[in-house]
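S.K.: Quick one: the structure is below, questions incoming.
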Amino acid sequence: MNVGILGATGYTGIELIRILSKHPNAKITYLSSKHFESQLISEVYPGLDGYCDLILEGDDFKKAVATCDIIFSTLPHELTFEIGKMVVDAGKRLIDLGSAFRFDDFNVFKNWYGSNDDIEYDKFNKVYGLTELNREKIKNAQIVGNPGCYPTSVILALAPVLKNRVVTDKNIIIDSKSGVSGAGHEPKFSNLYSECNENTKPYNVAKHRHIPEIEQELSKIMQEEVKIVFTPHLVPMTRGILSTIYCNLKSDITLKEVYDLYQEFYKNDYFIKILKPRKYPSTKSVAGSNFCQIGFEMDEHTNTLIIMSVIDNLMKGASGQAVQNMNLMFGLPENKGLDIIRIFP
Ligand SMILES: NC(=O)C1=CN([C@@H]2O[C@H](COP(=O)(O)OP(=O)(O)OC[C@H]3O[C@@H](n4cnc5c(N)ncnc54)[C@H](OP(=O)(O)O)[C@@H]3O)[C@@H](O)[C@H]2O)C=CC1
Ligand SMILES: CC(=O)N[C@@H](CCC(=O)OP(=O)(O)O)C(=O)O
């Protein structure tokens with residue numbers, strides 16, 4: 001299939017190129033950039049030399065939609081809505097790595113993202129792209145709203161215990177830590193090397209845009225309104241997210257029973273690895289791969305279940321999951337082109 005990547009020079013864009021340039025069923029035919037228009041992508045990122053040497057095109061998104069079977073967009077939501085309309089008119093398919101198509105209620109999106117867009121949101125045939133939970137719907141979707149990186153790590157970690165009502169929907173406390181690539185490649189003062197190196201800092205405490213996304217999906221899983229406390233932190237590493245989640249246990253359950261419940265829930269999910277009791281995950285174990293690792297601990301003193309999950313924000317948290325979804329949409333094995341591990345010291 002012919003693949004177009006709109007916003008190819010960003011961190012999720014080049015991660016898509018890294019994966020898709022070796023994907024046996026995909027041919028990258030269209031790449032776009034605003035700042036680097038007319039340059040070779042391999043001039044901008046020399047590591048791609050010999051793997052992808054296409055010229056970056058500007059914002060002729062109509063051409064992209066006309067010539068590609070599937071479009072990945074990493075662009076701001078205003079542009080992605082326009083592309084969504086073109087994709088619908090042309091009968092093509094779109095995977096958006098941004099936030100434009102993740103919400104059920106457009107007003108929630110508008111409130112949290114400060115958007116003035118006026119579109120017929122409900123008319124898009126769109127699906128929330130958390131592969132493991134929405135597999136059947138994704139297969140037939142025209143537009144996939146690929147999840148945010150933090151939501152992927154959190155929802156995968158909580159789904160089994162919420163679905164089985166082992167924990168209460170109250171007092172779910174989430175502490176997440178992200179590498180700096182999560183913020184994208186646009187230069188910002190707060191992301192300068194000297195601000196991030198040898199430093200760890202919370203940000204957007206109790207007001208991060210991923211709160212409504214996480215609550216929307218957890219509420220659907222539990223079939224009642226779920227609320228969360230969410231504190232993200234920036235830590236001095238390039239890739240990775242660790243989410244540590246605290247929840248109140250409803251009933252008596254042993255750590256072994258929690259482990260069995262997760263094993264059963266994810267028994268058919270290639271990219272989810274459940275760690276044996278008392279084994280804790282670390283971001284390095286999944287860096288460069290599409291895996292999510294989940295471990296647990298029980299604090300009997302306070303009857304608290306502590307769930308820990310790790311992903312690579314650019315892989316399972318963005319481009320890896322996007323390709324996983326593309327595979328599903330085109331009837332391919334879910335791990336096609338994605339069976340990558342990168343173990344390093
Ligand atoms: N980084 C991460 O870990 C994750 C990111 N996301 C989301 O995915 C999306 C992309 O993220 P990321 O790749 O990190 O972002 P970057 O800032 O690294 O890249 C954004 C891309 O969009 C292009 N772009 C931006 N504005 C315009 C414009 N007005 N016109 C044309 N092109 C434009 C840029 O092109 P150029 O600079 O070449 O002009 C660049 O290629 C964001 O919505 C982000 O929130 C989701 C999950 C994880
Ligand atoms: C470290 C860091 O800055 N991470 C980003 C996550 C980006 C993301 O996934 O945001 P969207 O929902 O817009 O796609 C943040 O906290 O905003």
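The way I read the labels, and the way they are meant: chains A, B, ... in the order of the structure tokens, residue 1 as the first residue of every chain, and ligand 1 as the first ligand shown, with later ones counted on from there.
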Do a neighbour search on Val235 (chain A) at 12 Å with only C-alpha atoms, toss out local chain neighbours closer than 5 positions, and write the hits as an NGL selection string.
M.R.: :A and (176-183 or 190-191 or 193 or 195-203 or 240-242 or 283)
S.K.: How would the residues just picked look written out with N, CA and C atoms as a compact mmCIF listing (two decimals), in the first residue's frame?
M.R.:
# COMPACT_ATOMS: atom_id res chain seq x y z
N SER A 176 2.91 9.63 36.37
CA SER A 176 3.58 9.20 35.14
C SER A 176 4.86 10.00 34.92
N LYS A 177 5.83 9.33 34.31
CA LYS A 177 7.10 9.99 33.99
C LYS A 177 7.40 9.77 32.53
N SER A 178 7.77 10.85 31.85
CA SER A 178 8.02 10.74 30.40
C SER A 178 9.39 11.25 30.04
N GLY A 179 9.97 10.65 29.00
CA GLY A 179 11.18 11.18 28.38
C GLY A 179 10.84 12.43 27.57
N VAL A 180 11.88 13.16 27.19
CA VAL A 180 11.69 14.49 26.60
C VAL A 180 11.17 14.42 25.16
N SER A 181 11.39 13.31 24.46
CA SER A 181 10.88 13.22 23.08
C SER A 181 9.36 13.28 23.05
N GLY A 182 8.71 13.06 24.19
CA GLY A 182 7.25 13.17 24.28
C GLY A 182 6.77 14.57 23.94
N ALA A 183 7.64 15.54 24.05
CA ALA A 183 7.24 16.93 23.80
C ALA A 183 7.43 17.35 22.34
N SER A 190 11.53 25.15 28.16
CA SER A 190 11.45 24.13 29.21
C SER A 190 12.07 22.80 28.79
N ASN A 191 12.29 22.62 27.50
CA ASN A 191 12.85 21.36 27.04
C ASN A 191 14.32 21.46 26.64
N TYR A 193 18.32 21.27 26.90
CA TYR A 193 19.16 20.27 27.59
C TYR A 193 19.45 20.69 29.02
N GLU A 195 17.83 22.52 30.96
CA GLU A 195 16.64 22.52 31.83
C GLU A 195 16.23 21.11 32.22
N CYS A 196 16.50 20.15 31.32
CA CYS A 196 16.01 18.77 31.54
C CYS A 196 17.06 17.85 32.13
N ASN A 197 18.32 18.05 31.74
CA ASN A 197 19.36 17.13 32.21
C ASN A 197 19.55 17.27 33.72
N GLU A 198 19.75 16.15 34.40
CA GLU A 198 19.92 16.12 35.86
C GLU A 198 18.80 16.88 36.56
N ASN A 199 17.61 16.70 36.05
CA ASN A 199 16.45 17.40 36.60
C ASN A 199 15.22 16.52 36.42
N THR A 200 14.29 16.57 37.35
CA THR A 200 13.00 15.89 37.21
C THR A 200 11.94 16.85 37.69
N LYS A 201 10.91 17.05 36.84
CA LYS A 201 9.93 18.07 37.24
C LYS A 201 8.50 17.67 36.86
N PRO A 202 7.56 17.91 37.78
CA PRO A 202 6.15 17.73 37.42
C PRO A 202 5.70 18.90 36.55
N TYR A 203 4.67 18.67 35.74
CA TYR A 203 4.11 19.77 34.95
C TYR A 203 2.62 19.50 34.72
N GLY A 240 10.53 6.98 26.54
CA GLY A 240 9.95 6.09 27.55
C GLY A 240 8.95 6.76 28.45
N ILE A 241 7.97 5.96 28.89
CA ILE A 241 7.01 6.41 29.90
C ILE A 241 6.88 5.31 30.95
N LEU A 242 6.92 5.72 32.20
CA LEU A 242 6.59 4.82 33.31
C LEU A 242 5.38 5.42 34.01
N THR A 283 11.71 1.31 31.80
CA THR A 283 11.53 1.86 30.44
C THR A 283 12.54 1.29 29.45
S.K.: Check which residues fall inside 9 Å of ligand 2 when counting only C-alpha atoms and all ligand atoms, and print them as a PDB file with N, CA and C atoms, in the first residue's frame.
M.R.:
ATOM      1  N   THR A  74       0.525  13.813  11.672  1.00  0.00           N
ATOM      2  CA  THR A  74       1.087  14.213  12.974  1.00  0.00           C
ATOM      3  C   THR A  74       0.889  15.725  13.156  1.00  0.00           C
ATOM      4  N   PRO A  76      -1.048  19.608  13.581  1.00  0.00           N
ATOM      5  CA  PRO A  76      -1.994  20.228  14.518  1.00  0.00           C
ATOM      6  C   PRO A  76      -3.441  19.937  14.101  1.00  0.00           C
ATOM      7  N   HIS A  77      -4.352  19.946  15.107  1.00  0.00           N
ATOM      8  CA  HIS A  77      -5.712  19.440  14.846  1.00  0.00           C
ATOM      9  C   HIS A  77      -6.475  20.223  13.785  1.00  0.00           C
ATOM     10  N   LEU A  97      -2.150  10.870  14.639  1.00  0.00           N
ATOM     11  CA  LEU A  97      -1.384  10.670  15.870  1.00  0.00           C
ATOM     12  C   LEU A  97      -1.632  11.773  16.887  1.00  0.00           C
ATOM     13  N   GLY A  98      -2.298  12.813  16.478  1.00  0.00           N
ATOM     14  CA  GLY A  98      -2.639  13.899  17.396  1.00  0.00           C
ATOM     15  C   GLY A  98      -3.951  13.616  18.115  1.00  0.00           C
ATOM     16  N   SER A  99      -4.533  14.673  18.645  1.00  0.00           N
ATOM     17  CA  SER A  99      -5.691  14.498  19.533  1.00  0.00           C
ATOM     18  C   SER A  99      -7.038  14.703  18.838  1.00  0.00           C
ATOM     19  N   ALA A 100      -7.022  15.074  17.537  1.00  0.00           N
ATOM     20  CA  ALA A 100      -8.249  15.533  16.875  1.00  0.00           C
ATOM     21  C   ALA A 100      -9.402  14.528  16.912  1.00  0.00           C
ATOM     22  N   ARG A 102      -9.799  11.719  18.977  1.00  0.00           N
ATOM     23  CA  ARG A 102      -9.818  10.791  20.119  1.00  0.00           C
ATOM     24  C   ARG A 102     -11.082  10.879  20.962  1.00  0.00           C
ATOM     25  N   TYR A 113      -8.717  21.559  24.556  1.00  0.00           N
ATOM     26  CA  TYR A 113      -7.684  21.928  23.584  1.00  0.00           C
ATOM     27  C   TYR A 113      -7.852  23.365  23.095  1.00  0.00           C
ATOM     28  N   ASN A 146      -5.421   7.885  17.033  1.00  0.00           N
ATOM     29  CA  ASN A 146      -4.412   7.135  17.803  1.00  0.00           C
ATOM     30  C   ASN A 146      -4.293   7.752  19.208  1.00  0.00           C
ATOM     31  N   PRO A 147      -4.240   6.919  20.251  1.00  0.00           N
ATOM     32  CA  PRO A 147      -4.253   7.463  21.619  1.00  0.00           C
ATOM     33  C   PRO A 147      -3.022   8.301  21.957  1.00  0.00           C
ATOM     34  N   GLY A 148      -3.153   9.128  22.969  1.00  0.00           N
ATOM     35  CA  GLY A 148      -2.008   9.850  23.509  1.00  0.00           C
ATOM     36  C   GLY A 148      -1.060   8.865  24.195  1.00  0.00           C
ATOM     37  N   CYS A 149       0.164   9.307  24.413  1.00  0.00           N
ATOM     38  CA  CYS A 149       1.172   8.392  24.966  1.00  0.00           C
ATOM     39  C   CYS A 149       0.855   8.026  26.421  1.00  0.00           C
ATOM     40  N   TYR A 150       0.583   9.023  27.263  1.00  0.00           N
ATOM     41  CA  TYR A 150       0.240   8.704  28.657  1.00  0.00           C
ATOM     42  C   TYR A 150      -1.025   7.834  28.721  1.00  0.00           C
ATOM     43  N   PRO A 151      -2.105   8.203  27.994  1.00  0.00           N
ATOM     44  CA  PRO A 151      -3.301   7.365  28.051  1.00  0.00           C
ATOM     45  C   PRO A 151      -3.037   5.901  27.682  1.00  0.00           C
ATOM     46  N   LYS A 177       5.825   9.329  34.307  1.00  0.00           N
ATOM     47  CA  LYS A 177       7.099   9.994  33.991  1.00  0.00           C
ATOM     48  C   LYS A 177       7.397   9.775  32.525  1.00  0.00           C
ATOM     49  N   SER A 178       7.770  10.850  31.851  1.00  0.00           N
ATOM     50  CA  SER A 178       8.019  10.740  30.405  1.00  0.00           C
ATOM     51  C   SER A 178       9.393  11.252  30.036  1.00  0.00           C
ATOM     52  N   GLY A 179       9.972  10.650  28.999  1.00  0.00           N
ATOM     53  CA  GLY A 179      11.178  11.181  28.384  1.00  0.00           C
ATOM     54  C   GLY A 179      10.842  12.428  27.570  1.00  0.00           C
ATOM     55  N   VAL A 180      11.883  13.159  27.193  1.00  0.00           N
ATOM     56  CA  VAL A 180      11.687  14.491  26.602  1.00  0.00           C
ATOM     57  C   VAL A 180      11.173  14.418  25.161  1.00  0.00           C
ATOM     58  N   SER A 181      11.393  13.310  24.464  1.00  0.00           N
ATOM     59  CA  SER A 181      10.884  13.221  23.084  1.00  0.00           C
ATOM     60  C   SER A 181       9.358  13.283  23.054  1.00  0.00           C
ATOM     61  N   GLY A 182       8.714  13.055  24.190  1.00  0.00           N
ATOM     62  CA  GLY A 182       7.254  13.173  24.279  1.00  0.00           C
ATOM     63  C   GLY A 182       6.765  14.573  23.943  1.00  0.00           C
ATOM     64  N   ALA A 183       7.644  15.542  24.048  1.00  0.00           N
ATOM     65  CA  ALA A 183       7.236  16.931  23.796  1.00  0.00           C
ATOM     66  C   ALA A 183       7.427  17.348  22.338  1.00  0.00           C
ATOM     67  N   GLY A 184       7.913  16.434  21.477  1.00  0.00           N
ATOM     68  CA  GLY A 184       8.083  16.778  20.067  1.00  0.00           C
ATOM     69  C   GLY A 184       9.352  17.572  19.794  1.00  0.00           C
ATOM     70  N   ASN A 191      12.294  22.623  27.502  1.00  0.00           N
ATOM     71  CA  ASN A 191      12.852  21.355  27.037  1.00  0.00           C
ATOM     72  C   ASN A 191      14.323  21.456  26.637  1.00  0.00           C
ATOM     73  N   TYR A 203       4.672  18.674  35.742  1.00  0.00           N
ATOM     74  CA  TYR A 203       4.107  19.773  34.948  1.00  0.00           C
ATOM     75  C   TYR A 203       2.617  19.502  34.719  1.00  0.00           C
ATOM     76  N   ASN A 204       1.884  20.552  34.408  1.00  0.00           N
ATOM     77  CA  ASN A 204       0.424  20.447  34.156  1.00  0.00           C
ATOM     78  C   ASN A 204      -0.282  19.595  35.213  1.00  0.00           C
ATOM     79  N   HIS A 208      -3.640  18.291  33.018  1.00  0.00           N
ATOM     80  CA  HIS A 208      -3.078  17.827  31.738  1.00  0.00           C
ATOM     81  C   HIS A 208      -4.202  17.396  30.787  1.00  0.00           C
ATOM     82  N   ARG A 209      -3.984  17.646  29.482  1.00  0.00           N
ATOM     83  CA  ARG A 209      -5.016  17.350  28.472  1.00  0.00           C
ATOM     84  C   ARG A 209      -5.327  15.858  28.327  1.00  0.00           C
ATOM     85  N   HIS A 210      -4.495  15.032  28.890  1.00  0.00           N
ATOM     86  CA  HIS A 210      -4.785  13.598  28.788  1.00  0.00           C
ATOM     87  C   HIS A 210      -5.791  13.109  29.833  1.00  0.00           C
ATOM     88  N   GLU A 213      -9.197  12.314  28.209  1.00  0.00           N
ATOM     89  CA  GLU A 213      -9.056  11.141  27.322  1.00  0.00           C
ATOM     90  C   GLU A 213      -9.023   9.848  28.155  1.00  0.00           C
ATOM     91  N   PRO A 232       1.820  14.228  35.571  1.00  0.00           N
ATOM     92  CA  PRO A 232       2.936  13.862  34.694  1.00  0.00           C
ATOM     93  C   PRO A 232       4.243  14.532  35.126  1.00  0.00           C
ATOM     94  N   HIS A 233       5.349  13.861  34.858  1.00  0.00           N
ATOM     95  CA  HIS A 233       6.676  14.406  35.168  1.00  0.00           C
ATOM     96  C   HIS A 233       7.565  14.267  33.936  1.00  0.00           C
ATOM     97  N   LEU A 234       8.463  15.229  33.784  1.00  0.00           N
ATOM     98  CA  LEU A 234       9.471  15.142  32.731  1.00  0.00           C
ATOM     99  C   LEU A 234      10.752  14.641  33.381  1.00  0.00           C
ATOM    100  N   VAL A 235      11.333  13.571  32.822  1.00  0.00           N
ATOM    101  CA  VAL A 235      12.565  13.014  33.408  1.00  0.00           C
ATOM    102  C   VAL A 235      13.684  13.024  32.362  1.00  0.00           C
ATOM    103  N   ILE A 241       7.971   5.964  28.889  1.00  0.00           N
ATOM    104  CA  ILE A 241       7.006   6.409  29.900  1.00  0.00           C
ATOM    105  C   ILE A 241       6.882   5.314  30.947  1.00  0.00           C
ATOM    106  N   ASN A 313       7.264   5.929  24.390  1.00  0.00           N
ATOM    107  CA  ASN A 313       6.245   6.912  23.970  1.00  0.00           C
ATOM    108  C   ASN A 313       6.166   7.062  22.458  1.00  0.00           C
ATOM    109  N   GLY A 317       3.365   4.206  22.332  1.00  0.00           N
ATOM    110  CA  GLY A 317       2.696   5.463  22.668  1.00  0.00           C
ATOM    111  C   GLY A 317       2.368   6.327  21.466  1.00  0.00           C
ATOM    112  N   ALA A 318       2.780   5.949  20.266  1.00  0.00           N
ATOM    113  CA  ALA A 318       2.497   6.785  19.084  1.00  0.00           C
ATOM    114  C   ALA A 318       2.650   5.960  17.795  1.00  0.00           C
TER     115      ALA A 318
END
S.K.: May I ask which of the residues A:Phe330, A:Tyr11, A:Tyr45, A:Tyr121 is the closest one to Ile70 (chain A), counting only C-alpha atoms?
M.R.: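 Among A:Phe330, A:Tyr11, A:Tyr45, A:Tyr121, it is A:Phe330 that comes nearest to Ile70 (chain A).
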S.K.: With only C-alpha atoms as the counted atoms, please give the residues lying no more than 12 Å from Tyr266 (chain A), apart from itself and same-chain residues fewer than 3 positions off, as a PyMOL selection string.
M.R.: chain A and resi 131-133+156-157+159-161+259-263+269-275+292-294
S.K.: So which residues touch region 220-225 of chain A within 7 Å, counting only C-alpha atoms, skipping near sequence neighbours fewer than 3 positions away, as a ChimeraX atom specification?
M.R.: /A:159,162-163,216-217
S.K.: Can you list every residue in region 1-140 of chain A that DSSP puts in strand (DSSP E), as a list in words?
M.R.: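 After running DSSP on the backbone, region 1-140 of chain A has strand (DSSP E) at Asn2, Val3, Gly4, Ile5, Leu6, Lys27, Ile28, Thr29, Tyr30, Leu31, Ser32, Ile70, Ile71, Phe72, Ser73, Arg93, Leu94, Ile95, Asp96, Lys126, Val127 and Tyr128 of chain A.
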S.K.: Please indicate the distance in Å from CA of Asn25 (chain A) to CA of Glu82 (chain A), rounded to one decimal place.
M.R.: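 That distance, rounded to one decimal, is 27.3 Å.
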S.K.: So which one's closest to Lys170 (chain A), A:Asp105, A:Asn248, A:Tyr128, A:Lys207? Using only C-alpha atoms, please.
M.R.: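 Looking at the shortest contact to Lys170 (chain A), the residue is A:Asn248.
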S.K.: So what do you get for CA of Val3 (chain A) versus CA of Cys68 (chain A), distance-wise?
M.R.: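 Value for the CA of Val3 (chain A)-CA of Cys68 (chain A) distance: 5.4 Å.
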S.K.: Rounded to one decimal, what separation in Å do you get between CA of Arg93 (chain A) and CA of Lys62 (chain A)?
M.R.: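 Between these atoms lies a distance of 13.3 Å.
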S.K.: Determine the nearest neighbour of Tyr51 (chain A) from the options A:Pro24, A:Ile17, A:Lys92, A:Gly84, counting only C-alpha atoms.
M.R.: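 Ranking A:Pro24, A:Ile17, A:Lys92, A:Gly84 by distance to Tyr51 (chain A), first place goes to A:Ile17.
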S.K.: Which of region 51-105 of chain A end up as helix (DSSP H, G or I) when DSSP is run on this backbone - answer as a ChimeraX atom specification?
M.R.: /A:61-67,77-90
